[in-house]
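Shown here: run20.cif, mmCIF, C-alpha atoms.
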data_run
loop_
_atom_site.label_atom_id
_atom_site.label_comp_id
_atom_site.auth_asym_id
_atom_site.auth_seq_id
_atom_site.Cartn_x
_atom_site.Cartn_y
_atom_site.Cartn_z
CA MET X 1 29.67 -23.17 -55.87
CA PRO X 2 29.24 -24.97 -52.52
CA ASN X 3 31.60 -27.59 -51.18
CA ILE X 4 30.49 -31.20 -50.83
CA GLY X 5 31.08 -31.46 -47.12
CA SER X 6 34.74 -30.70 -46.56
CA VAL X 7 35.66 -31.26 -50.22
CA ALA X 8 36.02 -28.23 -52.46
CA LEU X 9 35.83 -28.88 -56.20
CA LYS X 10 37.48 -26.74 -58.87
CA ASN X 11 34.30 -26.62 -60.96
CA ASN X 12 30.76 -28.00 -61.09
CA ILE X 13 31.25 -30.85 -63.60
CA ILE X 14 31.23 -34.46 -62.35
CA LEU X 15 31.90 -37.70 -64.22
CA ALA X 16 29.13 -40.21 -63.50
CA PRO X 17 29.70 -43.74 -62.22
CA LEU X 18 29.19 -46.02 -65.24
CA ALA X 19 29.44 -49.76 -64.69
CA GLY X 20 32.00 -51.27 -67.03
CA VAL X 21 32.88 -47.84 -68.41
CA SER X 22 34.16 -45.28 -65.89
CA ASP X 23 37.39 -47.11 -65.13
CA TYR X 24 40.64 -45.34 -64.29
CA PRO X 25 41.58 -44.52 -67.92
CA LEU X 26 38.26 -42.75 -68.60
CA ARG X 27 38.48 -40.94 -65.28
CA GLN X 28 42.00 -39.76 -66.11
CA LEU X 29 40.95 -38.57 -69.55
CA SER X 30 38.00 -36.73 -68.02
CA ARG X 31 40.31 -35.01 -65.55
CA ASP X 32 42.52 -33.97 -68.46
CA PHE X 33 39.48 -32.28 -69.94
CA GLY X 34 38.78 -30.55 -66.64
CA VAL X 35 36.05 -32.36 -64.67
CA GLY X 36 35.98 -31.38 -61.02
CA LEU X 37 35.14 -34.81 -59.56
CA THR X 38 35.14 -38.40 -60.79
CA TYR X 39 33.22 -41.41 -59.46
CA THR X 40 34.36 -45.01 -59.51
CA GLU X 41 32.28 -47.65 -61.17
CA MET X 42 29.51 -48.93 -58.92
CA ILE X 43 31.09 -51.38 -56.45
CA SER X 44 29.44 -54.24 -54.55
CA ALA X 45 29.71 -53.69 -50.81
CA GLU X 46 29.17 -57.41 -50.32
CA GLY X 47 32.13 -58.09 -52.59
CA ILE X 48 34.35 -55.81 -50.51
CA TYR X 49 33.12 -57.43 -47.30
CA ARG X 50 33.94 -60.89 -48.67
CA ASN X 51 37.34 -59.73 -49.98
CA ASN X 52 36.29 -60.38 -53.58
CA HIS X 53 39.10 -59.50 -55.99
CA LYS X 54 36.70 -58.44 -58.76
CA SER X 55 35.01 -55.91 -56.49
CA LYS X 56 38.31 -54.50 -55.28
CA HIS X 57 39.51 -54.21 -58.87
CA PHE X 58 37.01 -51.36 -59.35
CA THR X 59 38.79 -49.22 -56.80
CA PHE X 60 40.72 -46.07 -57.59
CA VAL X 61 44.47 -45.73 -57.83
CA LYS X 62 46.86 -43.99 -55.49
CA ASN X 63 46.79 -40.20 -55.66
CA GLU X 64 43.64 -40.13 -57.81
CA HIS X 65 41.87 -37.10 -56.35
CA PRO X 66 39.24 -35.93 -55.89
CA ILE X 67 37.52 -39.29 -56.16
CA CYS X 68 34.16 -40.58 -54.96
CA ALA X 69 33.76 -44.33 -54.37
CA GLN X 70 30.22 -45.50 -55.11
CA ILE X 71 28.94 -48.60 -53.35
CA PHE X 72 25.72 -50.61 -53.51
CA GLY X 73 24.15 -53.21 -51.24
CA ASN X 74 21.25 -53.76 -48.86
CA ASN X 75 22.87 -54.59 -45.50
CA PRO X 76 23.65 -51.62 -43.20
CA ASP X 77 26.65 -53.26 -41.54
CA VAL X 78 28.15 -54.49 -44.81
CA MET X 79 27.64 -51.11 -46.44
CA ALA X 80 29.33 -49.38 -43.49
CA TYR X 81 32.24 -51.80 -43.74
CA ALA X 82 32.71 -51.13 -47.46
CA ALA X 83 32.42 -47.37 -46.97
CA SER X 84 35.03 -47.45 -44.23
CA TYR X 85 37.29 -49.59 -46.42
CA PHE X 86 37.26 -47.01 -49.19
CA GLU X 87 37.81 -44.15 -46.81
CA ASP X 88 40.90 -45.99 -45.55
CA GLN X 89 42.01 -46.40 -49.18
CA GLY X 90 41.89 -42.64 -49.62
CA ALA X 91 38.47 -41.88 -51.09
CA ASP X 92 37.53 -38.22 -50.74
CA ILE X 93 33.79 -38.95 -50.80
CA ILE X 94 31.61 -42.05 -50.46
CA ASP X 95 28.38 -42.42 -52.44
CA ILE X 96 25.51 -44.85 -51.88
CA ASN X 97 23.71 -45.98 -55.01
CA PHE X 98 19.92 -45.82 -54.74
CA GLY X 99 19.35 -45.43 -58.46
CA CYS X 100 20.64 -48.41 -60.44
CA PRO X 101 17.63 -50.01 -62.22
CA VAL X 102 19.52 -52.98 -63.71
CA PRO X 103 17.64 -56.20 -62.83
CA LYS X 104 20.64 -58.10 -61.42
CA VAL X 105 21.13 -55.28 -58.90
CA ALA X 106 17.46 -54.59 -58.21
CA LYS X 107 16.60 -58.25 -57.58
CA GLN X 108 19.06 -58.18 -54.66
CA GLY X 109 17.07 -55.36 -53.09
CA SER X 110 19.87 -52.91 -53.92
CA GLY X 111 20.12 -49.81 -56.09
CA ALA X 112 16.75 -48.44 -57.17
CA ALA X 113 14.93 -51.33 -55.48
CA LEU X 114 16.40 -50.33 -52.12
CA ALA X 115 14.97 -46.83 -52.51
CA ARG X 116 11.48 -48.38 -52.47
CA ASN X 117 12.04 -49.33 -48.83
CA THR X 118 12.56 -45.97 -47.16
CA LYS X 119 13.07 -47.48 -43.70
CA GLN X 120 15.85 -49.79 -44.89
CA ALA X 121 17.38 -47.06 -47.03
CA VAL X 122 17.56 -44.68 -44.07
CA ALA X 123 19.05 -47.42 -41.87
CA ILE X 124 21.84 -47.88 -44.42
CA ILE X 125 22.48 -44.14 -44.70
CA SER X 126 22.65 -43.86 -40.92
CA SER X 127 25.02 -46.80 -40.59
CA VAL X 128 27.35 -45.56 -43.31
CA ARG X 129 27.32 -41.98 -42.04
CA LYS X 130 28.39 -43.13 -38.56
CA ALA X 131 31.28 -45.13 -40.03
CA LEU X 132 32.74 -42.21 -42.00
CA SER X 133 34.62 -38.99 -41.42
CA VAL X 134 34.63 -38.04 -45.14
CA PRO X 135 31.57 -36.63 -46.93
CA LEU X 136 28.70 -38.93 -47.86
CA THR X 137 26.43 -38.53 -50.89
CA ILE X 138 23.61 -40.55 -52.41
CA LYS X 139 22.57 -41.02 -56.04
CA MET X 140 18.91 -41.71 -56.65
CA ARG X 141 15.99 -41.64 -59.06
CA LEU X 142 12.48 -40.22 -58.69
CA GLY X 143 11.24 -43.54 -57.44
CA TRP X 144 10.55 -47.00 -58.74
CA SER X 145 7.66 -45.77 -60.89
CA ALA X 146 5.31 -42.80 -61.11
CA ALA X 147 3.02 -44.62 -58.68
CA GLU X 148 5.90 -45.01 -56.22
CA GLU X 149 7.53 -41.59 -56.49
CA ASN X 150 9.30 -41.01 -53.17
CA TYR X 151 12.44 -39.03 -53.96
CA LEU X 152 11.45 -35.95 -51.95
CA GLU X 153 10.72 -37.96 -48.81
CA LEU X 154 13.85 -40.08 -49.11
CA SER X 155 15.89 -36.92 -49.69
CA ARG X 156 14.48 -35.29 -46.56
CA GLN X 157 15.36 -38.35 -44.51
CA ALA X 158 18.84 -38.56 -46.04
CA GLU X 159 19.56 -34.92 -45.25
CA LYS X 160 18.49 -35.46 -41.64
CA GLU X 161 20.93 -38.37 -41.41
CA GLY X 162 23.84 -36.17 -42.46
CA VAL X 163 24.20 -36.76 -46.18
CA ASN X 164 26.34 -33.97 -47.66
CA ALA X 165 24.90 -33.88 -51.19
CA ILE X 166 22.24 -35.64 -53.26
CA CYS X 167 22.47 -36.59 -56.92
CA LEU X 168 19.15 -36.97 -58.71
CA HIS X 169 18.68 -38.67 -62.07
CA PRO X 170 15.09 -37.55 -62.69
CA ARG X 171 13.72 -40.70 -64.25
CA TYR X 172 11.84 -43.60 -62.69
CA ALA X 173 13.58 -46.93 -62.35
CA THR X 174 11.02 -48.54 -64.66
CA GLN X 175 12.09 -46.12 -67.41
CA MET X 176 15.65 -47.45 -67.29
CA TYR X 177 17.38 -44.98 -69.67
CA THR X 178 14.47 -44.37 -72.04
CA GLY X 179 12.26 -41.34 -72.41
CA GLN X 180 13.20 -37.88 -71.22
CA SER X 181 14.49 -37.02 -67.77
CA ASN X 182 12.20 -34.62 -65.90
CA TRP X 183 14.37 -31.84 -64.53
CA ASP X 184 11.35 -29.97 -63.15
CA LYS X 185 11.41 -32.61 -60.42
CA LEU X 186 14.99 -31.64 -59.61
CA LEU X 187 13.91 -28.04 -59.13
CA LEU X 188 11.46 -29.20 -56.44
CA LEU X 189 14.27 -31.10 -54.72
CA LYS X 190 16.52 -28.06 -54.81
CA GLN X 191 13.81 -25.90 -53.26
CA GLN X 192 13.46 -28.19 -50.23
CA SER X 193 17.15 -28.92 -49.69
CA LYS X 194 19.86 -27.13 -47.73
CA ILE X 195 22.66 -29.30 -49.13
CA PRO X 196 24.15 -29.31 -52.65
CA ILE X 197 22.12 -30.97 -55.39
CA ILE X 198 23.75 -32.75 -58.32
CA GLY X 199 21.68 -33.12 -61.47
CA SER X 200 22.14 -36.00 -63.91
CA GLY X 201 20.44 -37.03 -67.13
CA ASP X 202 20.36 -36.10 -70.82
CA ILE X 203 23.37 -33.78 -70.80
CA LYS X 204 24.63 -34.05 -74.38
CA LYS X 205 26.00 -30.61 -75.23
CA SER X 206 27.86 -27.89 -73.37
CA ILE X 207 24.81 -25.63 -73.65
CA ASP X 208 22.83 -28.29 -71.77
CA ILE X 209 25.14 -27.76 -68.80
CA THR X 210 24.61 -24.01 -68.82
CA ASN X 211 20.85 -24.28 -69.27
CA HIS X 212 20.31 -26.91 -66.61
CA LEU X 213 22.37 -25.02 -64.06
CA SER X 214 20.45 -21.80 -64.64
CA GLN X 215 16.94 -23.21 -65.08
CA TYR X 216 16.84 -25.86 -62.38
CA GLY X 217 19.22 -24.58 -59.71
CA ALA X 218 21.52 -27.60 -59.64
CA ASP X 219 24.81 -26.96 -57.88
CA TYR X 220 26.65 -29.58 -59.92
CA ILE X 221 26.05 -31.38 -63.20
CA MET X 222 26.91 -35.07 -63.52
CA ILE X 223 27.57 -36.36 -67.02
CA GLY X 224 27.68 -40.01 -68.03
CA ARG X 225 26.60 -41.35 -71.42
CA GLY X 226 26.73 -37.89 -72.99
CA LEU X 227 30.47 -37.75 -72.35
CA LEU X 228 31.30 -40.97 -74.19
CA GLY X 229 32.94 -40.10 -77.47
CA ASN X 230 32.45 -36.41 -76.73
CA PRO X 231 34.70 -35.19 -73.89
CA TRP X 232 34.90 -31.89 -75.77
CA LEU X 233 31.62 -30.78 -74.26
CA ILE X 234 33.60 -30.27 -71.04
CA SER X 235 36.25 -28.06 -72.62
CA GLU X 236 33.54 -26.16 -74.48
CA TYR X 237 31.70 -25.44 -71.24
CA LEU X 238 34.86 -24.56 -69.33
CA GLN X 239 36.15 -22.57 -72.32
CA THR X 240 39.51 -24.29 -72.32
CA PRO X 241 41.54 -25.12 -75.46
CA PRO X 242 40.08 -28.20 -77.19
CA LYS X 243 42.14 -31.30 -77.86
CA HIS X 244 42.29 -32.75 -81.38
CA ILE X 245 40.13 -35.85 -81.87
CA LYS X 246 43.05 -38.04 -82.98
CA ASP X 247 45.14 -36.89 -80.02
CA THR X 248 42.24 -37.58 -77.69
CA ILE X 249 41.66 -41.09 -78.99
CA GLU X 250 45.37 -41.91 -78.79
CA LEU X 251 45.61 -40.52 -75.25
CA HIS X 252 42.57 -42.49 -74.09
CA PHE X 253 44.03 -45.67 -75.60
CA LYS X 254 47.41 -44.98 -73.95
CA TYR X 255 45.72 -44.74 -70.57
CA MET X 256 43.92 -48.02 -71.31
CA VAL X 257 47.19 -49.74 -72.24
CA ASP X 258 49.01 -48.41 -69.19
CA PHE X 259 46.25 -49.68 -66.91
CA HIS X 260 45.13 -52.92 -68.60
CA GLY X 261 47.99 -53.95 -70.90
CA GLU X 262 47.78 -53.68 -74.70
CA ALA X 263 45.83 -56.86 -75.51
CA LYS X 264 43.08 -56.29 -72.93
CA ALA X 265 43.02 -52.55 -73.63
CA ALA X 266 42.38 -53.17 -77.33
CA LYS X 267 39.34 -55.33 -76.60
CA LEU X 268 37.95 -52.94 -73.99
CA PHE X 269 38.55 -49.92 -76.20
CA ARG X 270 36.22 -51.22 -78.88
CA LYS X 271 33.20 -49.94 -76.94
CA PHE X 272 34.74 -46.47 -76.78
CA ILE X 273 36.07 -46.13 -80.33
CA SER X 274 32.62 -46.46 -81.89
CA LYS X 275 31.43 -43.48 -79.85
CA TYR X 276 34.30 -41.32 -81.08
CA LEU X 277 33.71 -42.26 -84.73
CA LYS X 278 29.94 -41.97 -85.06
CA HIS X 279 29.88 -38.52 -86.69
CA PHE X 280 32.32 -39.19 -89.53
CA SER X 281 31.06 -39.73 -93.07
CA ASN X 282 32.89 -43.07 -93.22
CA ALA X 283 31.79 -44.06 -89.73
CA LYS X 284 30.57 -47.50 -90.79
CA GLU X 285 33.98 -48.41 -92.22
CA LEU X 286 35.80 -46.97 -89.23
CA LYS X 287 33.57 -48.76 -86.72
CA GLY X 288 34.17 -52.04 -88.54
CA LEU X 289 37.90 -51.59 -88.05
CA GLY X 290 37.37 -50.43 -84.48
CA ASN X 291 35.52 -53.64 -83.65
CA LYS X 292 38.62 -55.60 -84.70
CA LEU X 293 41.19 -53.64 -82.69
CA SER X 294 43.95 -55.88 -81.38
CA GLY X 295 46.62 -53.34 -80.53
CA LEU X 296 48.21 -49.94 -81.08
CA LEU X 297 49.11 -50.62 -84.73
CA ASP X 298 45.46 -51.28 -85.59
CA LEU X 299 44.47 -48.05 -83.89
CA GLN X 300 47.08 -46.05 -85.77
CA ASN X 301 45.93 -47.52 -89.08
CA LEU X 302 42.34 -46.60 -88.21
CA LEU X 303 43.28 -43.05 -87.27
CA GLY X 304 45.02 -42.68 -90.60
CA LEU X 305 41.62 -43.03 -92.29
CA ILE X 306 40.07 -40.18 -90.33
CA ASN X 307 39.81 -36.98 -92.30
CA VAL X 308 39.39 -33.87 -90.14
#

As structure tokens:
Amino acid sequence: MPNIGSVALKNNIILAPLAGVSDYPLRQLSRDFGVGLTYTEMISAEGIYRNNHKSKHFTFVKNEHPICAQIFGNNPDVMAYAASYFEDQGADIIDINFGCPVPKVAKQGSGAALARNTKQAVAIISSVRKALSVPLTIKMRLGWSAAEENYLELSRQAEKEGVNAICLHPRYATQMYTGQSNWDKLLLLKQQSKIPIIGSGDIKKSIDITNHLSQYGADYIMIGRGLLGNPWLISEYLQTPPKHIKDTIELHFKYMVDFHGEAKAAKLFRKFISKYLKHFSNAKELKGLGNKLSGLLDLQNLLGLINV
């Protein structure tokens, strides 16, 4: 398993950057289950440049390692500033987002929309690379659409500029998160690249990790939505002792409370609890209670109804 630049990871499983989801508590839980690298939520470089508190709130905490800070934006100087800021804060790796298809990001000419402009994208990569001493990665899609597929060319340019690894989510931006990701495209990327390739998309079971590593040559597997409510796929793949579902839910909530405070944690945890409960026979009843969580007592009462 190759290093990402100077950073050696203990295994080839990476937690994806998920806006509004991959906060510190989820990252800590994922590390408990064994992931080798976690990413921050996607952070606005412009917000960092303008000293915006909301943007800086997405940062990592002291001694959270290894951690990759993911930034987005469309201005080379601002992106370099934000990258340098996070390196100073202790980030092990910096990642540039070229894959986010969400309209509010794309309409700014950032994320997946930025990848449409290869010249501007390369200018940003070059500017950020020059500002850093830590490894630099990029996360991208196949292109804006099938008619604008440019991932191989952008990847070649990125590698020339000194990017240390490339993460490919093999969908087009216009697909958003629908349809099936095309991992055959990742195999083509791997064949042309001399740097590590991270594959992302439709990893839902531990066997998916094994199959995608062997069939498509990815060096690392990044997992996002497939991990929500199912962190056990990590322990299954790594063949480590599994944690009980009730213990896992309580631990995740504890991390939320420690980081956000109980009242805020309860509200934020509602989006996670439904994922944990979806396979139970009384899932509808449990989800109804989960949507009303107001604190630890509510959670304990809910867990008392789970039969496993």

Inset, instruction - Name the residues that the PyMOL selection byres ((chain X and resi 111-128) around 6) picks from the file above, as a ChimeraX atom specification, using the file's chain letters and numbers. - result: /X:76,80,97-101,106,109-110,129-131,161

Now that the selection is made, can you save its residues with C-alpha atoms as a JSON list (two decimals), in the frame of the given file?
[["chain", "number", "residue", "atom", "x", "y", "z"],
["X", 76, "PRO", "CA", 23.65, -51.62, -43.20],
["X", 80, "ALA", "CA", 29.33, -49.38, -43.49],
["X", 97, "ASN", "CA", 23.71, -45.98, -55.01],
["X", 98, "PHE", "CA", 19.92, -45.82, -54.74],
["X", 99, "GLY", "CA", 19.35, -45.43, -58.46],
["X", 100, "CYS", "CA", 20.64, -48.41, -60.44],
["X", 101, "PRO", "CA", 17.63, -50.01, -62.22],
["X", 106, "ALA", "CA", 17.46, -54.59, -58.21],
["X", 109, "GLY", "CA", 17.07, -55.36, -53.09],
["X", 110, "SER", "CA", 19.87, -52.91, -53.92],
["X", 129, "ARG", "CA", 27.32, -41.98, -42.04],
["X", 130, "LYS", "CA", 28.39, -43.13, -38.56],
["X", 131, "ALA", "CA", 31.28, -45.13, -40.03],
["X", 161, "GLU", "CA", 20.93, -38.37, -41.41]]

Could you list, with a cut-off of 12 Å and counting only C-alpha atoms, the residues of stretch 175-224 of chain X near stretch 145-155 of chain X, each shown with its nearest atom pair and the distance in Å rounded to one decimal, rows sorted by chain and ascending number, as JSON lines?
{"residue": "X:Gln175", "atom": "CA", "partner": "X:Ser145", "partner_atom": "CA", "distance": 7.9}
{"residue": "X:Met176", "atom": "CA", "partner": "X:Ser145", "partner_atom": "CA", "distance": 10.4}
{"residue": "X:Asn182", "atom": "CA", "partner": "X:Ala146", "partner_atom": "CA", "distance": 11.7}
{"residue": "X:Lys185", "atom": "CA", "partner": "X:Leu152", "partner_atom": "CA", "distance": 9.1}
{"residue": "X:Leu186", "atom": "CA", "partner": "X:Leu152", "partner_atom": "CA", "distance": 9.5}
{"residue": "X:Leu187", "atom": "CA", "partner": "X:Leu152", "partner_atom": "CA", "distance": 11.0}
{"residue": "X:Leu188", "atom": "CA", "partner": "X:Leu152", "partner_atom": "CA", "distance": 8.1}
{"residue": "X:Leu189", "atom": "CA", "partner": "X:Leu152", "partner_atom": "CA", "distance": 6.3}
{"residue": "X:Lys190", "atom": "CA", "partner": "X:Leu152", "partner_atom": "CA", "distance": 9.8}
{"residue": "X:Gln191", "atom": "CA", "partner": "X:Leu152", "partner_atom": "CA", "distance": 10.4}
{"residue": "X:Gln192", "atom": "CA", "partner": "X:Leu152", "partner_atom": "CA", "distance": 8.2}
{"residue": "X:Ser193", "atom": "CA", "partner": "X:Ser155", "partner_atom": "CA", "distance": 8.1}
{"residue": "X:Lys194", "atom": "CA", "partner": "X:Ser155", "partner_atom": "CA", "distance": 10.7}
{"residue": "X:Ile195", "atom": "CA", "partner": "X:Ser155", "partner_atom": "CA", "distance": 10.2}
{"residue": "X:Pro196", "atom": "CA", "partner": "X:Ser155", "partner_atom": "CA", "distance": 11.6}
{"residue": "X:Ile197", "atom": "CA", "partner": "X:Ser155", "partner_atom": "CA", "distance": 10.3}

Legend entry - Counting only C-alpha atoms, the residue of X:Ser6, X:Asn282, X:Ser30, X:Asn74 that sits nearest X:Pro231: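 Once distances to X:Pro231 are computed over only C-alpha atoms, the minimum belongs to X:Ser30.
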
Inset, instruction - Quick one: apply the PyMOL selection byres ((chain X and resi 234) around 12) to the file and drop the selected residues here as a PyMOL selection string. - result: chain X and resi 11-15+29-36+203-210+221-224+226-233+235-243

Legend entry - Residue contacts of X:Leu293 (7 Å, all atoms listed in the file) excluding same-chain residues fewer than 5 positions away, as a list in words: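 Answer for this query is Ala266, Lys267, Arg270, Asp298 and Leu299 of chain X.
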
Legend entry - Length of the atom CA of X:Ile48 to atom CA of X:His260 vector [Å]: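 Between atom CA of X:Ile48 and atom CA of X:His260 the gap works out to 21.3 Å.
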
Legend entry - Ground truth for the PyMOL selection byres ((chain X and resi 64-69) around 8), written as number ranges by chain: X: 9, 36-43, 59-63, 70-71, 86, 91-95

Legend entry - Distance criterion (all atoms listed in the file): nearest to X:Val163 out of X:Thr137, X:Asn307, X:Asn291, X:Ser181: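 So, comparing all the options, the nearest one is X:Thr137.
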
Legend entry - Residue among X:Pro2, X:Gly261, X:Gly20, X:Gly288 lying closest to X:Ala218, counting only C-alpha atoms: X:Pro2

Inset, instruction - For each of X:Arg171, X:Lys107, X:His279, X:Lys284, take the minimum atom-to-atom distance to X:Ile245, counting all atoms listed in the file, then give the residue where this is smallest. - result: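 Among the listed residues, the smallest separation from X:Ile245 belongs to X:His279.
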
Extract, using all atoms listed in the file, all DNA, RNA and protein residues at most 12 Å from X:Gly179, discarding same-chain residues fewer than 5 positions from it, and format them as a CSV table (one decimal) with C-alpha atoms, keeping the file's coordinate frame.
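Printed below is out_11.csv as written:
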chain,number,residue,atom,x,y,z
X,170,PRO,CA,15.1,-37.6,-62.7
X,171,ARG,CA,13.7,-40.7,-64.2
X,172,TYR,CA,11.8,-43.6,-62.7
X,173,ALA,CA,13.6,-46.9,-62.4
X,174,THR,CA,11.0,-48.5,-64.7
X,201,GLY,CA,20.4,-37.0,-67.1
X,202,ASP,CA,20.4,-36.1,-70.8

Inset, instruction - Go ahead and compute the interatomic distance for atom CA of X:Gln215 and atom CA of X:Leu26, in Å to one decimal. - result: 29.1 Å
